[in-house]
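Participant: Okay, so here is target.csv, and as you'll see once you scroll down, it has CSV, C-alpha atoms.
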chain,number,residue,atom,x,y,z
Y,1,GLY,CA,-8.9,147.1,7.3
Y,2,ALA,CA,-9.6,150.6,6.0
Y,3,VAL,CA,-10.7,153.9,7.5
Y,4,VAL,CA,-13.4,156.2,6.3
Y,5,SER,CA,-14.0,159.5,8.1
Y,6,GLN,CA,-17.0,161.9,8.0
Y,7,HIS,CA,-17.2,165.5,9.0
Y,8,PRO,CA,-19.0,166.8,10.9
Y,9,SER,CA,-20.3,164.0,13.1
Y,10,TRP,CA,-23.3,166.0,14.0
Y,11,VAL,CA,-24.8,169.3,12.8
Y,12,ILE,CA,-27.8,171.4,13.7
Y,13,CYS,CA,-29.0,173.9,11.1
Y,14,LYS,CA,-32.0,176.1,10.5
Y,15,SER,CA,-34.7,175.4,8.0
Y,16,GLY,CA,-33.8,176.8,4.6
Y,17,THR,CA,-30.0,176.7,5.0
Y,18,SER,CA,-27.6,174.3,3.3
Y,19,VAL,CA,-25.3,171.8,5.0
Y,20,LYS,CA,-22.2,170.1,3.5
Y,21,ILE,CA,-21.0,166.7,4.8
Y,22,GLU,CA,-17.6,165.4,3.9
Y,23,CYS,CA,-16.6,161.8,3.4
Y,24,ARG,CA,-12.9,160.8,3.2
Y,25,SER,CA,-11.1,157.6,2.7
Y,26,LEU,CA,-8.0,158.0,4.8
Y,27,ASP,CA,-5.7,155.1,3.8
Y,28,PHE,CA,-6.9,154.0,0.4
Y,29,GLN,CA,-8.2,155.5,-2.8
Y,30,ALA,CA,-11.9,155.1,-3.6
Y,31,THR,CA,-13.1,155.6,-7.2
Y,32,THR,CA,-16.6,154.9,-5.9
Y,33,MET,CA,-18.3,156.1,-2.8
Y,34,PHE,CA,-21.9,155.8,-1.6
Y,35,TRP,CA,-24.3,157.9,0.4
Y,36,TYR,CA,-26.9,156.4,2.6
Y,37,ARG,CA,-29.6,157.6,4.8
Y,38,GLN,CA,-30.8,155.8,7.9
Y,39,PHE,CA,-33.9,156.4,10.0
Y,40,PRO,CA,-34.2,155.2,13.6
Y,41,LYS,CA,-34.6,151.4,13.9
Y,42,GLN,CA,-34.4,151.0,10.1
Y,43,SER,CA,-31.8,149.7,7.8
Y,44,LEU,CA,-29.7,151.8,5.4
Y,45,MET,CA,-31.3,153.4,2.4
Y,46,LEU,CA,-28.9,154.0,-0.6
Y,47,MET,CA,-29.3,157.6,-1.8
Y,48,ALA,CA,-26.7,157.8,-4.5
Y,49,THR,CA,-23.5,156.4,-5.9
Y,50,SER,CA,-20.6,158.8,-6.3
Y,51,ASN,CA,-17.9,158.2,-8.9
Y,52,GLU,CA,-14.7,160.2,-9.0
Y,53,GLY,CA,-14.7,162.6,-11.9
Y,54,SER,CA,-18.2,162.0,-13.0
Y,55,LYS,CA,-21.8,162.8,-12.0
Y,56,ALA,CA,-23.4,160.9,-9.2
Y,57,THR,CA,-26.1,158.3,-9.9
Y,58,TYR,CA,-29.1,158.8,-7.7
Y,59,GLU,CA,-31.6,156.2,-6.6
Y,60,GLN,CA,-35.2,156.5,-7.6
Y,61,GLY,CA,-37.1,159.0,-5.4
Y,62,VAL,CA,-34.0,160.9,-4.3
Y,63,GLU,CA,-34.0,164.6,-5.4
Y,64,LYS,CA,-30.6,165.3,-7.1
Y,65,ASP,CA,-31.1,169.0,-6.9
Y,66,LYS,CA,-31.6,168.8,-3.2
Y,67,PHE,CA,-28.8,166.4,-2.4
Y,68,LEU,CA,-25.8,167.6,-4.3
Y,69,ILE,CA,-22.9,165.1,-4.5
Y,70,ASN,CA,-19.4,165.9,-5.6
Y,71,HIS,CA,-16.6,163.3,-5.8
Y,72,ALA,CA,-13.7,165.7,-6.5
Y,73,SER,CA,-10.8,163.3,-5.8
Y,74,LEU,CA,-10.1,159.7,-5.1
Y,75,THR,CA,-10.3,160.3,-1.3
Y,76,LEU,CA,-13.1,162.8,-1.0
Y,77,SER,CA,-16.8,162.9,-1.7
Y,78,THR,CA,-19.2,165.6,-0.4
Y,79,LEU,CA,-23.0,165.6,0.1
Y,80,THR,CA,-24.7,169.0,0.3
Y,81,VAL,CA,-28.2,169.1,1.6
Y,82,THR,CA,-29.6,172.3,0.0
Y,83,SER,CA,-32.5,174.3,1.5
Y,84,ALA,CA,-32.8,171.8,4.4
Y,85,HIS,CA,-36.1,171.2,6.0
Y,86,PRO,CA,-37.0,169.3,9.2
Y,87,GLU,CA,-38.0,166.2,7.2
Y,88,ASP,CA,-34.3,166.0,6.0
Y,89,SER,CA,-33.3,165.4,9.6
Y,90,SER,CA,-31.7,162.0,9.6
Y,91,PHE,CA,-28.5,160.0,10.0
Y,92,TYR,CA,-26.3,160.2,6.9
Y,93,ILE,CA,-23.6,157.6,6.3
Y,94,CYS,CA,-21.1,157.4,3.5
Y,95,SER,CA,-19.1,154.4,2.4
Y,96,ALA,CA,-16.1,153.9,0.1
Y,97,ARG,CA,-15.3,150.9,-2.1
Y,98,LYS,CA,-11.8,149.5,-1.7
Y,99,GLY,CA,-10.6,147.2,-4.4
Y,100,THR,CA,-11.3,146.8,-8.1
Y,101,GLY,CA,-13.2,144.5,-10.4
Y,102,GLY,CA,-15.4,142.0,-8.8
Y,103,TRP,CA,-13.4,141.6,-5.6
Y,104,TYR,CA,-13.8,144.5,-3.2
Y,105,GLU,CA,-14.9,145.5,0.2
Y,106,GLN,CA,-17.1,148.5,1.2
Y,107,TYR,CA,-16.2,150.4,4.3
Y,108,PHE,CA,-18.4,152.9,6.1
Y,109,GLY,CA,-17.9,156.2,7.8
Y,110,PRO,CA,-19.1,156.9,11.3
Y,111,GLY,CA,-22.1,158.8,10.1
Y,112,THR,CA,-23.4,162.4,10.4
Y,113,ARG,CA,-26.4,163.2,12.5
Y,114,LEU,CA,-28.3,166.1,10.8
Y,115,THR,CA,-31.0,168.0,12.7
Y,116,VAL,CA,-32.9,170.7,10.9
Y,117,THR,CA,-34.9,173.1,13.2
H,1,GLU,CA,-35.5,142.6,-7.7
H,2,ASP,CA,-32.8,141.7,-5.2
H,3,GLN,CA,-34.2,140.8,-1.7
H,4,VAL,CA,-32.5,140.2,1.6
H,5,THR,CA,-34.4,138.9,4.7
H,6,GLN,CA,-32.7,138.6,8.1
H,7,SER,CA,-34.0,136.6,11.0
H,8,PRO,CA,-34.7,136.9,13.8
H,9,GLU,CA,-35.3,140.6,14.1
H,10,ALA,CA,-34.1,140.6,17.6
H,11,LEU,CA,-32.2,138.0,19.7
H,12,ARG,CA,-31.4,138.0,23.4
H,13,LEU,CA,-28.6,135.6,24.6
H,14,GLN,CA,-26.9,135.0,27.9
H,15,GLU,CA,-23.2,135.4,27.9
H,16,GLY,CA,-21.6,132.2,26.6
H,17,GLU,CA,-24.8,131.0,24.8
H,18,SER,CA,-23.9,130.3,21.2
H,19,SER,CA,-26.4,131.0,18.4
H,20,SER,CA,-26.8,131.8,14.7
H,21,LEU,CA,-28.2,134.7,12.7
H,22,ASN,CA,-29.8,134.0,9.3
H,23,CYS,CA,-29.7,136.0,6.1
H,24,SER,CA,-31.8,134.7,3.2
H,25,TYR,CA,-31.3,136.3,-0.1
H,26,THR,CA,-32.8,136.3,-3.6
H,27,VAL,CA,-30.6,137.6,-6.4
H,28,SER,CA,-30.3,136.8,-10.1
H,29,GLY,CA,-26.6,136.0,-9.6
H,30,LEU,CA,-24.6,136.7,-6.5
H,31,ARG,CA,-21.4,138.7,-6.8
H,32,GLY,CA,-20.9,139.0,-3.0
H,33,LEU,CA,-22.6,138.8,0.4
H,34,PHE,CA,-21.4,141.2,3.1
H,35,TRP,CA,-21.8,141.1,6.9
H,36,TYR,CA,-21.6,144.3,9.0
H,37,ARG,CA,-21.9,145.1,12.7
H,38,GLN,CA,-23.5,148.4,13.6
H,39,ASP,CA,-23.5,150.0,17.1
H,40,PRO,CA,-26.2,152.7,17.9
H,41,GLY,CA,-25.3,156.1,16.4
H,42,LYS,CA,-22.4,154.7,14.4
H,43,GLY,CA,-21.7,153.6,10.9
H,44,PRO,CA,-21.6,149.9,10.0
H,45,GLU,CA,-18.3,148.1,10.7
H,46,PHE,CA,-17.2,145.7,8.0
H,47,LEU,CA,-17.0,142.0,9.1
H,48,PHE,CA,-16.9,139.7,6.2
H,49,THR,CA,-17.4,139.3,2.5
H,50,LEU,CA,-18.4,135.9,1.1
H,51,TYR,CA,-18.3,135.2,-2.7
H,52,SER,CA,-19.3,131.6,-3.3
H,53,ALA,CA,-21.4,128.8,-1.8
H,54,GLY,CA,-19.4,126.8,0.7
H,55,GLU,CA,-17.1,129.6,1.6
H,56,GLU,CA,-16.5,130.3,5.4
H,57,LYS,CA,-14.7,133.1,7.2
H,58,GLU,CA,-14.0,133.6,10.9
H,59,LYS,CA,-13.1,136.5,13.1
H,60,GLU,CA,-12.7,136.0,16.8
H,61,ARG,CA,-16.1,134.6,18.0
H,62,LEU,CA,-17.8,135.1,14.7
H,63,LYS,CA,-18.0,132.7,11.7
H,64,ALA,CA,-19.9,133.4,8.5
H,65,THR,CA,-21.0,130.7,6.1
H,66,LEU,CA,-22.7,130.9,2.7
H,67,THR,CA,-25.0,128.6,0.7
H,68,LYS,CA,-26.7,129.3,-2.6
H,69,LYS,CA,-29.8,130.7,-0.8
H,70,GLU,CA,-28.6,132.0,2.6
H,71,SER,CA,-25.8,132.9,4.9
H,72,PHE,CA,-25.4,132.3,8.6
H,73,LEU,CA,-23.4,134.3,11.1
H,74,HIS,CA,-22.5,132.0,14.0
H,75,ILE,CA,-21.6,133.6,17.3
H,76,THR,CA,-19.7,131.3,19.6
H,77,ALA,CA,-19.7,132.0,23.4
H,78,PRO,CA,-20.8,135.6,22.9
H,79,LYS,CA,-19.9,138.4,25.3
H,80,PRO,CA,-21.8,141.5,26.2
H,81,GLU,CA,-19.6,143.6,23.9
H,82,ASP,CA,-21.0,141.6,21.0
H,83,SER,CA,-24.3,143.3,21.5
H,84,ALA,CA,-25.1,145.3,18.3
H,85,THR,CA,-27.2,145.2,15.1
H,86,TYR,CA,-25.8,142.8,12.5
H,87,LEU,CA,-26.5,143.7,8.9
H,88,CYS,CA,-26.4,141.5,5.9
H,89,ALA,CA,-26.1,142.9,2.3
H,90,VAL,CA,-25.8,141.4,-1.2
H,91,GLN,CA,-24.5,142.6,-4.5
H,92,ALA,CA,-25.8,141.1,-7.6
H,93,MET,CA,-23.7,140.3,-10.7
H,94,GLU,CA,-25.8,142.6,-12.9
H,95,THR,CA,-25.7,145.4,-10.4
H,96,SER,CA,-24.0,148.5,-11.8
H,97,GLY,CA,-22.0,150.7,-9.6
H,98,SER,CA,-21.4,148.1,-6.9
H,99,ARG,CA,-24.6,149.0,-5.0
H,100,LEU,CA,-25.6,146.8,-2.1
H,101,THR,CA,-29.0,145.7,-1.0
H,102,PHE,CA,-29.3,145.5,2.8
H,103,GLY,CA,-31.5,143.4,5.0
H,104,GLU,CA,-33.3,145.0,8.0
H,105,GLY,CA,-30.8,143.6,10.5
H,106,THR,CA,-30.8,141.5,13.6
H,107,GLN,CA,-30.5,143.3,16.9
H,108,LEU,CA,-28.4,141.1,19.2
H,109,THR,CA,-28.3,141.6,23.0
H,110,VAL,CA,-26.0,139.6,25.1
H,111,ASN,CA,-26.7,139.7,28.8
H,112,PRO,CA,-23.9,139.2,31.3
Would you mind writing the file out in structure tokens?
Facilitator:
Amino acid sequence: GAVVSQHPSWVICKSGTSVKIECRSLDFQATTMFWYRQFPKQSLMLMATSNEGSKATYEQGVEKDKFLINHASLTLSTLTVTSAHPEDSSFYICSARKGTGGWYEQYFGPGTRLTVT
Amino acid sequence: EDQVTQSPEALRLQEGESSSLNCSYTVSGLRGLFWYRQDPGKGPEFLFTLYSAGEEKEKERLKATLTKKESFLHITAPKPEDSATYLCAVQAMETSGSRLTFGEGTQLTVNP
């Protein structure tokens, strides 16, 4: 298997402030990481694909200036929610791709619960 | 557009009552099909990757199979600890960046 960690596991912040979430692959290197958002009773919604050393690719409808992604190393990607508002409250999950070429597995972190008051 | 449909949405079983979950998919060309288990308030846990029709993989009480149009997750003699939401996802050949398309999941409850 493979282990992906996220920090923090939960965070409460005030409206208008920024929050940074870290995603780390602990026992493998990941050139590609992904950020998802999940609402209660719903499936995962891909927000962006993060590639080490290059700009993230955002899905349609996701504001890149609001959700800043930095993939600074082969084991770390960060998601910063800028000027957070209550509607940004959600469960954010990252995943990391292990493997190369067409044969790979994607492992998920435990998620970060964000509540904006 | 890639599509993944999982059925049933919810399934209740008695402990020991075997059953199957279905994942139907439409992609232009399948690179891989993935099964995950997700417990409430946690990230998905990787179970299997299947790459070609006819492939099967097993892990404890779970067995995943793949055809050209669908995948099944067979649960043999389930236990209460198997209760979770099971997610299916596909990656298409033409997909850039390895992105996955997820189904809505099947919520499994196993009663003791």
Participant: Specify as a ChimeraX atom specification all residues of chain Y found within 8 Å of chain H, counting all atoms listed in the file.
Facilitator: /Y:32,42-44,46,49,93,102,105-111
Participant: Could you tell me how far CA of Gly61 (chain Y) lies from CA of Ala96 (chain Y), in Å and to one decimal?
Facilitator: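 CA of Ala96 (chain Y) lies 22.3 Å from CA of Gly61 (chain Y).
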Participant: Record the distance separating CA of Cys13 (chain Y) and CA of Phe91 (chain Y), expressed in Å with one decimal.
Facilitator: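 Separation of CA of Cys13 (chain Y) and CA of Phe91 (chain Y): 14.0 Å.
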Participant: Could you list as an MDAnalysis selection string every residue that has an atom within 9 Å of (-34.1, 135.3, 3.6), using the file's coordinates and counting only C-alpha atoms?
Facilitator: chainID H and resid 3:7 22:26 69:71 103
Participant: What does the distance between CA of Gly99 (chain Y) and CA of Leu74 (chain Y) come to in Å, to one decimal place?
Facilitator: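 Interatomic distance here is 12.5 Å.
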